[in-house]
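Heads up, work.cif below (mmCIF, C-alpha atoms and all ligand atoms):
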data_data
#
loop_
_atom_site.label_atom_id
_atom_site.label_comp_id
_atom_site.auth_asym_id
_atom_site.auth_seq_id
_atom_site.Cartn_x
_atom_site.Cartn_y
_atom_site.Cartn_z
CA MET A 1 -123.81 -79.38 147.27
CA THR A 2 -121.94 -81.75 149.56
CA LEU A 3 -119.89 -84.38 147.79
CA PRO A 4 -119.76 -87.84 149.32
CA GLY A 5 -115.98 -87.57 149.31
CA TYR A 6 -113.29 -90.15 148.80
CA PRO A 7 -113.45 -93.17 148.48
CA VAL A 8 -117.06 -92.95 147.22
CA SER A 9 -116.15 -89.95 145.05
CA ARG A 10 -113.47 -90.85 142.55
CA PRO A 11 -113.42 -88.26 139.74
CA ARG A 12 -110.92 -90.41 137.86
CA ARG A 13 -113.70 -92.98 137.15
CA LEU A 14 -114.94 -90.79 134.30
CA ARG A 15 -111.47 -90.21 132.83
CA GLN A 16 -110.61 -93.81 132.01
CA SER A 17 -111.02 -93.85 128.26
CA PRO A 18 -111.30 -91.44 125.35
CA ALA A 19 -114.93 -92.42 124.80
CA LEU A 20 -115.85 -91.83 128.42
CA ARG A 21 -114.01 -88.51 128.47
CA ARG A 22 -115.83 -87.42 125.33
CA LEU A 23 -119.16 -88.49 126.81
CA VAL A 24 -118.77 -86.15 129.79
CA ALA A 25 -117.06 -83.27 127.97
CA GLU A 26 -118.92 -80.08 128.89
CA THR A 27 -117.66 -78.00 125.99
CA GLN A 28 -117.13 -78.70 122.30
CA LEU A 29 -115.12 -77.07 119.58
CA SER A 30 -116.74 -77.17 116.20
CA VAL A 31 -115.78 -75.76 112.84
CA SER A 32 -119.22 -74.13 112.64
CA GLN A 33 -118.10 -71.65 115.33
CA MET A 34 -115.08 -70.37 113.41
CA VAL A 35 -114.64 -67.04 111.63
CA LEU A 36 -111.51 -66.45 109.53
CA PRO A 37 -110.19 -62.87 109.28
CA LEU A 38 -108.76 -61.96 105.85
CA PHE A 39 -106.85 -58.87 104.66
CA VAL A 40 -107.50 -57.64 101.16
CA ARG A 41 -105.61 -55.13 99.06
CA GLN A 42 -105.64 -54.19 95.39
CA GLY A 43 -103.77 -56.34 92.89
CA LYS A 44 -103.65 -59.70 91.15
CA LYS A 45 -102.16 -62.95 92.46
CA LEU A 46 -100.82 -61.04 95.43
CA ARG A 47 -99.92 -62.92 98.61
CA HIS A 48 -97.78 -60.64 100.67
CA PRO A 49 -96.54 -62.37 103.83
CA VAL A 50 -96.49 -60.62 107.17
CA ALA A 51 -93.35 -61.14 109.27
CA ALA A 52 -95.09 -61.12 112.64
CA MET A 53 -97.91 -63.45 111.58
CA PRO A 54 -96.64 -66.55 109.74
CA GLY A 55 -99.44 -68.00 107.62
CA VAL A 56 -101.26 -64.66 107.32
CA PHE A 57 -101.05 -62.62 104.11
CA GLN A 58 -102.23 -59.41 102.57
CA MET A 59 -104.02 -60.79 99.52
CA SER A 60 -105.53 -59.47 96.31
CA PRO A 61 -109.25 -60.21 95.76
CA ASP A 62 -108.55 -63.26 93.54
CA GLU A 63 -106.35 -64.76 96.25
CA ILE A 64 -108.94 -63.93 98.91
CA LEU A 65 -111.44 -65.91 96.86
CA ARG A 66 -109.02 -68.83 96.74
CA GLU A 67 -108.37 -68.70 100.46
CA ALA A 68 -112.07 -68.35 101.29
CA THR A 69 -112.96 -71.22 98.97
CA ALA A 70 -110.43 -73.50 100.67
CA ALA A 71 -111.61 -72.51 104.15
CA TYR A 72 -115.25 -72.95 103.18
CA ALA A 73 -114.50 -76.40 101.77
CA LEU A 74 -113.07 -77.31 105.18
CA GLY A 75 -116.32 -76.19 106.82
CA VAL A 76 -115.40 -72.67 107.97
CA PRO A 77 -118.73 -70.85 107.56
CA ALA A 78 -117.59 -67.23 107.71
CA VAL A 79 -114.83 -64.77 106.92
CA LEU A 80 -114.20 -61.32 108.40
CA LEU A 81 -112.85 -58.89 105.81
CA PHE A 82 -110.38 -56.08 106.46
CA GLY A 83 -109.37 -53.70 103.68
CA ILE A 84 -106.03 -52.05 102.97
CA PRO A 85 -106.67 -49.17 100.56
CA ASP A 86 -104.12 -47.82 98.07
CA LYS A 87 -104.65 -44.30 99.35
CA LYS A 88 -105.40 -42.95 102.79
CA ASP A 89 -106.78 -39.48 103.56
CA ALA A 90 -108.31 -37.43 106.38
CA GLN A 91 -111.91 -38.46 105.58
CA ALA A 92 -111.27 -42.20 105.20
CA SER A 93 -112.93 -41.95 101.79
CA GLY A 94 -111.70 -45.41 100.83
CA ALA A 95 -113.81 -46.91 103.62
CA TYR A 96 -117.13 -46.04 102.01
CA ALA A 97 -116.22 -45.81 98.31
CA ALA A 98 -118.74 -47.81 96.27
CA LYS A 99 -115.82 -49.47 94.50
CA GLY A 100 -113.57 -49.62 97.55
CA ILE A 101 -111.41 -52.65 98.12
CA VAL A 102 -113.74 -54.29 100.65
CA GLN A 103 -116.85 -53.52 98.59
CA GLN A 104 -115.25 -55.08 95.47
CA THR A 105 -114.19 -58.16 97.37
CA VAL A 106 -117.57 -58.64 99.02
CA ARG A 107 -119.20 -58.59 95.57
CA LEU A 108 -116.72 -61.13 94.26
CA LEU A 109 -117.14 -63.47 97.24
CA LYS A 110 -120.93 -63.28 97.23
CA LYS A 111 -120.99 -63.99 93.51
CA GLU A 112 -118.60 -66.96 93.58
CA LEU A 113 -119.35 -68.35 97.02
CA PRO A 114 -122.89 -67.27 97.87
CA GLU A 115 -123.16 -69.62 100.86
CA LEU A 116 -120.11 -68.24 102.62
CA LEU A 117 -120.99 -65.68 105.30
CA VAL A 118 -119.13 -62.50 104.52
CA ILE A 119 -118.69 -60.26 107.54
CA THR A 120 -117.00 -56.89 107.11
CA ASP A 121 -114.96 -55.04 109.70
CA VAL A 122 -116.30 -51.49 109.87
CA CYS A 123 -113.60 -49.07 110.93
CA LEU A 124 -111.76 -46.02 109.66
CA CYS A 125 -108.21 -46.61 110.90
CA GLU A 126 -106.97 -48.41 107.77
CA TYR A 127 -108.33 -45.58 105.59
CA MET A 128 -107.29 -42.56 107.64
CA ALA A 129 -103.87 -41.04 106.94
CA HIS A 130 -103.40 -40.62 110.71
CA GLY A 131 -104.38 -44.22 111.46
CA HIS A 132 -107.04 -43.42 114.07
CA CYS A 133 -110.49 -45.01 114.14
CA GLY A 134 -112.31 -41.68 113.95
CA VAL A 135 -112.15 -38.14 112.60
CA VAL A 136 -109.23 -36.16 114.02
CA GLN A 137 -109.17 -32.42 114.69
CA GLY A 138 -106.52 -30.57 116.66
CA GLY A 139 -104.99 -33.83 117.82
CA LYS A 140 -108.33 -35.07 119.22
CA ILE A 141 -110.37 -38.04 118.00
CA LEU A 142 -113.87 -36.65 117.56
CA ASN A 143 -116.77 -38.94 118.38
CA ASP A 144 -119.90 -37.58 116.73
CA PRO A 145 -118.42 -36.55 113.37
CA SER A 146 -117.04 -40.10 113.07
CA LEU A 147 -120.51 -41.68 113.33
CA ALA A 148 -121.69 -40.51 109.92
CA LEU A 149 -118.59 -41.96 108.24
CA LEU A 150 -118.95 -45.27 110.04
CA ALA A 151 -122.64 -45.50 109.17
CA ARG A 152 -121.86 -44.71 105.55
CA THR A 153 -119.16 -47.39 105.52
CA ALA A 154 -121.47 -50.03 106.95
CA ALA A 155 -124.22 -49.16 104.47
CA SER A 156 -121.79 -49.40 101.55
CA HIS A 157 -120.74 -52.87 102.73
CA ALA A 158 -124.38 -53.96 102.91
CA GLU A 159 -124.99 -52.54 99.44
CA ALA A 160 -122.09 -54.65 98.15
CA GLY A 161 -123.78 -57.70 99.67
CA ALA A 162 -122.15 -58.16 103.09
CA ASP A 163 -124.04 -60.63 105.27
CA MET A 164 -123.08 -58.89 108.49
CA VAL A 165 -121.18 -55.78 109.57
CA ALA A 166 -118.80 -55.60 112.51
CA PRO A 167 -117.94 -52.12 113.83
CA SER A 168 -114.57 -52.11 115.62
CA ASP A 169 -113.99 -48.40 116.10
CA MET A 170 -115.30 -47.98 119.69
CA MET A 171 -116.95 -44.60 119.08
CA ASP A 172 -119.96 -44.02 121.35
CA GLY A 173 -123.28 -44.43 119.57
CA ARG A 174 -121.93 -46.08 116.44
CA VAL A 175 -124.17 -49.14 116.66
CA ARG A 176 -127.26 -46.92 116.72
CA ALA A 177 -125.96 -44.84 113.81
CA ILE A 178 -125.15 -47.95 111.78
CA ARG A 179 -128.51 -49.62 112.55
CA ALA A 180 -130.33 -46.48 111.44
CA ALA A 181 -128.31 -46.19 108.22
CA LEU A 182 -128.84 -49.86 107.35
CA ASP A 183 -132.58 -49.69 108.06
CA GLU A 184 -132.97 -46.52 106.06
CA LYS A 185 -131.46 -48.25 103.04
CA GLY A 186 -133.70 -51.29 103.48
CA PHE A 187 -131.09 -53.55 105.08
CA THR A 188 -133.25 -54.29 108.09
CA GLU A 189 -132.14 -57.92 108.06
CA THR A 190 -128.40 -57.24 108.10
CA PRO A 191 -127.08 -58.14 111.56
CA ILE A 192 -124.52 -56.11 113.48
CA MET A 193 -121.76 -57.86 115.36
CA SER A 194 -120.30 -55.14 117.54
CA TYR A 195 -116.82 -55.15 118.98
CA ALA A 196 -118.61 -54.22 122.20
CA ALA A 197 -115.88 -54.73 124.79
CA LYS A 198 -112.75 -53.89 122.87
CA PHE A 199 -109.73 -53.15 124.98
CA ALA A 200 -106.76 -50.92 124.15
CA SER A 201 -104.39 -53.83 123.86
CA ALA A 202 -100.74 -54.42 123.08
CA PHE A 203 -101.88 -57.75 121.64
CA TYR A 204 -102.96 -55.89 118.45
CA GLY A 205 -99.33 -55.13 117.52
CA PRO A 206 -98.93 -57.66 114.68
CA PHE A 207 -102.34 -56.77 113.21
CA ARG A 208 -101.29 -53.18 112.68
CA GLU A 209 -98.43 -54.42 110.55
CA VAL A 210 -100.83 -56.46 108.38
CA ALA A 211 -103.54 -53.84 108.19
CA GLU A 212 -101.10 -50.93 107.98
CA SER A 213 -103.21 -49.13 110.57
CA THR A 214 -100.72 -48.00 113.21
CA PRO A 215 -101.76 -44.60 114.65
CA GLN A 216 -99.36 -41.92 113.41
CA PHE A 217 -99.57 -40.06 116.72
CA GLY A 218 -100.68 -41.00 120.21
CA ASP A 219 -102.54 -44.22 120.92
CA ARG A 220 -106.09 -45.60 121.11
CA HIS A 221 -106.62 -45.18 124.85
CA SER A 222 -109.19 -42.39 124.46
CA TYR A 223 -111.60 -44.73 122.68
CA GLN A 224 -110.68 -48.35 123.37
CA MET A 225 -111.15 -49.66 126.90
CA ASP A 226 -108.69 -49.72 129.77
CA ALA A 227 -107.48 -53.25 130.52
CA ALA A 228 -108.18 -52.59 134.21
CA ASN A 229 -111.95 -52.43 133.76
CA ALA A 230 -114.53 -55.20 133.83
CA ASN A 231 -117.70 -53.46 135.05
CA GLU A 232 -117.24 -50.86 132.34
CA ALA A 233 -117.07 -53.66 129.77
CA LEU A 234 -120.52 -54.81 130.87
CA ARG A 235 -121.84 -51.26 130.44
CA GLU A 236 -120.31 -51.09 126.97
CA VAL A 237 -122.02 -54.34 126.03
CA ALA A 238 -125.36 -53.20 127.52
CA LEU A 239 -125.21 -49.98 125.49
CA ASP A 240 -124.43 -51.81 122.25
CA ILE A 241 -127.34 -54.19 122.84
CA GLN A 242 -129.64 -51.22 123.51
CA GLU A 243 -128.45 -49.64 120.29
CA GLY A 244 -129.21 -52.76 118.27
CA ALA A 245 -126.21 -55.10 118.31
CA ASP A 246 -127.23 -58.65 117.39
CA ILE A 247 -123.93 -60.27 118.41
CA VAL A 248 -121.50 -58.84 120.95
CA MET A 249 -117.76 -59.37 120.90
CA VAL A 250 -115.03 -59.40 123.50
CA LYS A 251 -111.55 -58.61 122.26
CA PRO A 252 -108.81 -59.73 122.86
CA ALA A 253 -109.86 -63.18 124.02
CA LEU A 254 -107.36 -65.16 126.06
CA ALA A 255 -106.37 -62.40 128.49
CA TYR A 256 -110.04 -61.37 128.87
CA LEU A 257 -111.83 -64.64 129.61
CA ASP A 258 -113.34 -63.13 132.77
CA ILE A 259 -115.04 -60.51 130.61
CA LEU A 260 -116.29 -63.14 128.19
CA HIS A 261 -117.75 -65.14 131.03
CA ARG A 262 -119.47 -62.15 132.61
CA VAL A 263 -120.84 -60.91 129.29
CA LYS A 264 -122.32 -64.31 128.43
CA THR A 265 -123.74 -64.82 131.94
CA GLU A 266 -125.17 -61.32 132.22
CA PHE A 267 -126.75 -60.92 128.78
CA GLY A 268 -127.06 -64.40 127.28
CA TYR A 269 -126.51 -62.84 123.86
CA PRO A 270 -124.68 -64.53 121.00
CA THR A 271 -121.12 -63.76 122.03
CA ALA A 272 -117.97 -63.74 119.96
CA ALA A 273 -114.36 -63.95 121.13
CA TYR A 274 -111.62 -62.50 118.95
CA ALA A 275 -108.33 -64.36 119.37
CA VAL A 276 -106.26 -61.42 118.17
CA SER A 277 -103.03 -61.16 116.23
CA GLY A 278 -100.73 -61.11 119.27
CA GLU A 279 -102.31 -64.27 120.63
CA TYR A 280 -101.71 -65.96 117.29
CA SER A 281 -98.15 -64.67 116.94
CA MET A 282 -97.14 -65.81 120.42
CA ILE A 283 -98.26 -69.35 119.70
CA LYS A 284 -96.58 -69.35 116.28
CA ALA A 285 -93.31 -67.98 117.69
CA ALA A 286 -93.10 -70.46 120.54
CA ALA A 287 -94.07 -73.33 118.25
CA ALA A 288 -91.40 -72.31 115.72
CA GLN A 289 -88.83 -72.66 118.51
CA GLY A 290 -90.16 -76.11 119.28
CA TRP A 291 -91.18 -74.92 122.74
CA ILE A 292 -94.90 -75.66 122.49
CA ASP A 293 -97.21 -77.74 120.33
CA GLU A 294 -99.04 -75.28 118.06
CA ARG A 295 -102.04 -77.47 117.45
CA ALA A 296 -102.57 -78.51 121.08
CA VAL A 297 -102.09 -74.98 122.44
CA THR A 298 -104.37 -73.42 119.81
CA LEU A 299 -107.15 -75.93 120.41
CA GLU A 300 -106.82 -75.61 124.19
CA SER A 301 -106.98 -71.80 124.00
CA LEU A 302 -110.08 -71.88 121.81
CA LEU A 303 -111.73 -74.43 124.06
CA ALA A 304 -111.05 -72.11 127.01
CA MET A 305 -112.87 -69.32 125.16
CA ARG A 306 -115.82 -71.64 124.58
CA ARG A 307 -115.81 -72.64 128.24
CA ALA A 308 -115.79 -68.99 129.26
CA GLY A 309 -118.91 -68.38 127.17
CA ALA A 310 -117.96 -67.70 123.57
CA ASP A 311 -120.34 -68.97 120.89
CA ILE A 312 -118.28 -67.63 118.01
CA LEU A 313 -114.49 -67.81 117.65
CA ILE A 314 -112.72 -65.34 115.41
CA THR A 315 -109.28 -66.79 114.77
CA TYR A 316 -106.48 -66.61 112.21
CA SER A 317 -106.15 -70.37 112.75
CA ALA A 318 -109.73 -71.12 111.61
CA ALA A 319 -108.70 -73.18 108.56
CA ASP A 320 -106.02 -75.07 110.51
CA VAL A 321 -108.51 -75.74 113.29
CA ALA A 322 -110.98 -77.09 110.73
CA ARG A 323 -108.26 -79.46 109.49
CA TRP A 324 -107.23 -80.50 112.99
CA LEU A 325 -110.82 -81.19 114.04
CA LYS A 326 -111.27 -83.41 110.97
CA GLU A 327 -108.11 -85.37 111.83
CA LYS A 328 -109.15 -85.95 115.43
C1 LIG B 1 -109.34 -51.89 113.78
C2 LIG B 1 -109.07 -53.24 114.35
C3 LIG B 1 -107.96 -53.69 115.08
C4 LIG B 1 -108.12 -55.06 115.27
C5 LIG B 1 -109.33 -55.40 114.68
N1 LIG B 1 -109.92 -54.26 114.14
C6 LIG B 1 -106.75 -52.98 115.49
C7 LIG B 1 -106.80 -51.88 116.45
O1 LIG B 1 -107.80 -51.59 117.07
O2 LIG B 1 -105.75 -51.24 116.55
C8 LIG B 1 -107.15 -55.97 115.94
C9 LIG B 1 -107.18 -57.39 115.51
C10 LIG B 1 -106.00 -58.20 115.87
O3 LIG B 1 -105.06 -57.75 116.56
O4 LIG B 1 -105.98 -59.37 115.44
N2 LIG B 1 -109.88 -50.97 114.61
#
Could you render the structure as structure tokens?
Ligand code: PBG
Amino acid sequence: MTLPGYPVSRPRRLRQSPALRRLVAETQLSVSQMVLPLFVRQGKKLRHPVAAMPGVFQMSPDEILREATAAYALGVPAVLLFGIPDKKDAQASGAYAAKGIVQQTVRLLKKELPELLVITDVCLCEYMAHGHCGVVQGGKILNDPSLALLARTAASHAEAGADMVAPSDMMDGRVRAIRAALDEKGFTETPIMSYAAKFASAFYGPFREVAESTPQFGDRHSYQMDAANANEALREVALDIQEGADIVMVKPALAYLDILHRVKTEFGYPTAAYAVSGEYSMIKAAAAQGWIDERAVTLESLLAMRRAGADILITYSAADVARWLKEK
């Protein structure tokens, strides 16, 4: 396309007023796109703050209900639940216990707030004594033996009433294993949102403090992706779609907008961006110093994710964003 050029072309013509700018805005942020992650642990009236993530708490189920009710009232349609069990072991038994912490909380939320979409994170790291996302033997993270545990976990979440399951472990073949387990139990209509392109990222640091899921040895580089790779991310997404993922996720978000864009362009699937703990903490820390405007930077970052191709935004700021969008 050849532009007429200045002085016929004057891009500033369409920037003269708020109404005109809104009229030509190519991308919108809406509360209906937001998913709020929540961390649940056993107890009553528990709201345990997390130093690295101001505004984020480990909460008991009753407090989770309160938090979810408030977010839902603001228009946030969905929460993403992470569990912190009282006991960890080498089989992650807390992950798939019928009365596990996530299963209990899902039941409570679906009973009290049936309209709220309850998505569950499916992983083993919070439940394994060693903190890895799969079964460990001889210092190695074993792929295939982990699949059965993940499938069992996802099925137990569906049995508790979860509206959607979100595997974040990055084992090969887990989407297929989970789809099969759900279908076998009659949960053919339960969607899977897979953490399809999940990178081994230093941006997860603060999360591991909240979720108490820091690996006790080594790191996650043998299962999560290398930050250097983009073509491989597309293959990961293609495989998850082949295996039955209904929604694909890119994680982290802000440092991986190229991946988001390519995933959306290549597959046209419902695509989620996870603005992870480190992204949240950086904004909070700088804002606390008075160096940046928390609201403006958060909204701009989320808008960038939308522009890159995200349909769904998973963010610890979801309730704040809902408030800010109302005020605007
Ligand atoms: C568990 C999991 C992690 C996150 C989501 N699910 C941590 C990890 O992989 O170590 C990170 C979320 C965040 O940083 O906000 N596998």
What does the list of residues within 10 Å of ligand LIG 1 (chain B) look like if you count all atoms listed in the file, written as a ChimeraX atom specification? /A:37,53,80-82,121-126,131-134,166-170,195,198-215,219-220,223-224,251-252,274-281,314-316
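Checking A:Asp246, A:Ala322, A:Arg262, A:Leu182 one by one against Ala70 of chain A, counting all atoms listed in the file, you find the shortest gap at A:Ala322.
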Kindly provide, as lines of an AutoDock Vina configuration file, the centre and edge lengths (Å, one decimal) of an axis-aligned box around all atoms of segment 283-292 of chain A given in the file, with 5 Å on each side.
center_x = -93.5
center_y = -72.0
center_z = 119.2
size_x = 19.4
size_y = 18.1
size_z = 17.0
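Between atom CA of Ser60 of chain A and atom CA of Ala154 of chain A the interatomic distance comes to 21.4 Å.
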Mind checking which residues fall within 10 Å of Val136 of chain A, counting only C-alpha atoms, ignoring those fewer than 4 positions away in the same chain, and posting them as a VMD selection string? chain A and resid 90 to 91 128 130 to 132 140 to 143 145 to 146
Hey, can you spit out that residue selection with C-alpha atoms as an mmCIF file, keeping the file's coordinate frame?
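File again_8.cif, as written:
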data_model
loop_
_atom_site.group_PDB
_atom_site.id
_atom_site.type_symbol
_atom_site.label_atom_id
_atom_site.label_comp_id
_atom_site.auth_asym_id
_atom_site.auth_seq_id
_atom_site.Cartn_x
_atom_site.Cartn_y
_atom_site.Cartn_z
ATOM 1 C CA ALA A 90 -108.310 -37.430 106.380
ATOM 2 C CA GLN A 91 -111.910 -38.460 105.580
ATOM 3 C CA MET A 128 -107.290 -42.560 107.640
ATOM 4 C CA HIS A 130 -103.400 -40.620 110.710
ATOM 5 C CA GLY A 131 -104.380 -44.220 111.460
ATOM 6 C CA HIS A 132 -107.040 -43.420 114.070
ATOM 7 C CA LYS A 140 -108.330 -35.070 119.220
ATOM 8 C CA ILE A 141 -110.370 -38.040 118.000
ATOM 9 C CA LEU A 142 -113.870 -36.650 117.560
ATOM 10 C CA ASN A 143 -116.770 -38.940 118.380
ATOM 11 C CA PRO A 145 -118.420 -36.550 113.370
ATOM 12 C CA SER A 146 -117.040 -40.100 113.070
#
Within 9 Å of Phe57 of chain A, counting only C-alpha atoms, which residues qualify if same-chain residues fewer than 2 places away don't, as a PDB file with C-alpha atoms, in the frame of the given file?
ATOM      1  CA  LEU A  38    -108.760 -61.960 105.850  1.00  0.00           C
ATOM      2  CA  PHE A  39    -106.850 -58.870 104.660  1.00  0.00           C
ATOM      3  CA  VAL A  40    -107.500 -57.640 101.160  1.00  0.00           C
ATOM      4  CA  LEU A  46    -100.820 -61.040  95.430  1.00  0.00           C
ATOM      5  CA  ARG A  47     -99.920 -62.920  98.610  1.00  0.00           C
ATOM      6  CA  HIS A  48     -97.780 -60.640 100.670  1.00  0.00           C
ATOM      7  CA  PRO A  49     -96.540 -62.370 103.830  1.00  0.00           C
ATOM      8  CA  VAL A  50     -96.490 -60.620 107.170  1.00  0.00           C
ATOM      9  CA  MET A  53     -97.910 -63.450 111.580  1.00  0.00           C
ATOM     10  CA  PRO A  54     -96.640 -66.550 109.740  1.00  0.00           C
ATOM     11  CA  GLY A  55     -99.440 -68.000 107.620  1.00  0.00           C
ATOM     12  CA  MET A  59    -104.020 -60.790  99.520  1.00  0.00           C
ATOM     13  CA  VAL A 210    -100.830 -56.460 108.380  1.00  0.00           C
TER      14      VAL A 210
END
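Proximity ranking of A:Ile119, A:Leu147, A:Gln58, A:Arg307 relative to Ala25 of chain A places A:Arg307 first, based on only C-alpha atoms.
Considering all atoms listed in the file, the residue among A:Val263, A:Val175, A:Leu20, A:Ala180 positioned nearest to Asp240 of chain A is A:Val175.
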Gap from atom CA of Met164 of chain A to atom CA of Ala78 of chain A - Å, one decimal: 10.0 Å
From the set A:Ala162, A:Leu36, A:Ile178, A:Ala288, which residue has the shortest atom-to-atom contact distance to Ala148 of chain A, counting all atoms listed in the file? A:Ile178
Could you list, with a cut-off of 9 Å and counting all atoms listed in the file, the residues of segment 20-96 of chain A near segment 103-110 of chain A, each shown with its nearest atom pair and the distance in Å rounded to one decimal, rows sorted by chain and ascending number, as a tab-separated table?
residue	atom	partner	partner_atom	distance
A:Val40	CA	A:Thr105	CA	7.7
A:Ser60	CA	A:Thr105	CA	8.8
A:Pro61	CA	A:Thr105	CA	5.6
A:Asp62	CA	A:Leu108	CA	8.5
A:Ile64	CA	A:Thr105	CA	8.0
A:Leu65	CA	A:Leu109	CA	6.2
A:Ala68	CA	A:Leu109	CA	8.1
A:Thr69	CA	A:Leu109	CA	9.0
A:Leu81	CA	A:Val106	CA	8.3
A:Ala95	CA	A:Gln103	CA	8.8
A:Tyr96	CA	A:Gln103	CA	8.2
Determine the nearest neighbour of Val297 of chain A from the options A:Ala151, A:Leu260, A:Leu254, A:Met34, counting only C-alpha atoms. A:Leu254
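Closest approach to Lys284 of chain A among A:Val56, A:Val35, A:Met249, A:Ala177: A:Val56, based on all atoms listed in the file.
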Report the distance between atom CA of Arg15 of chain A and atom CA of Leu313 of chain A in Å, rounded to one decimal place. 27.2 Å
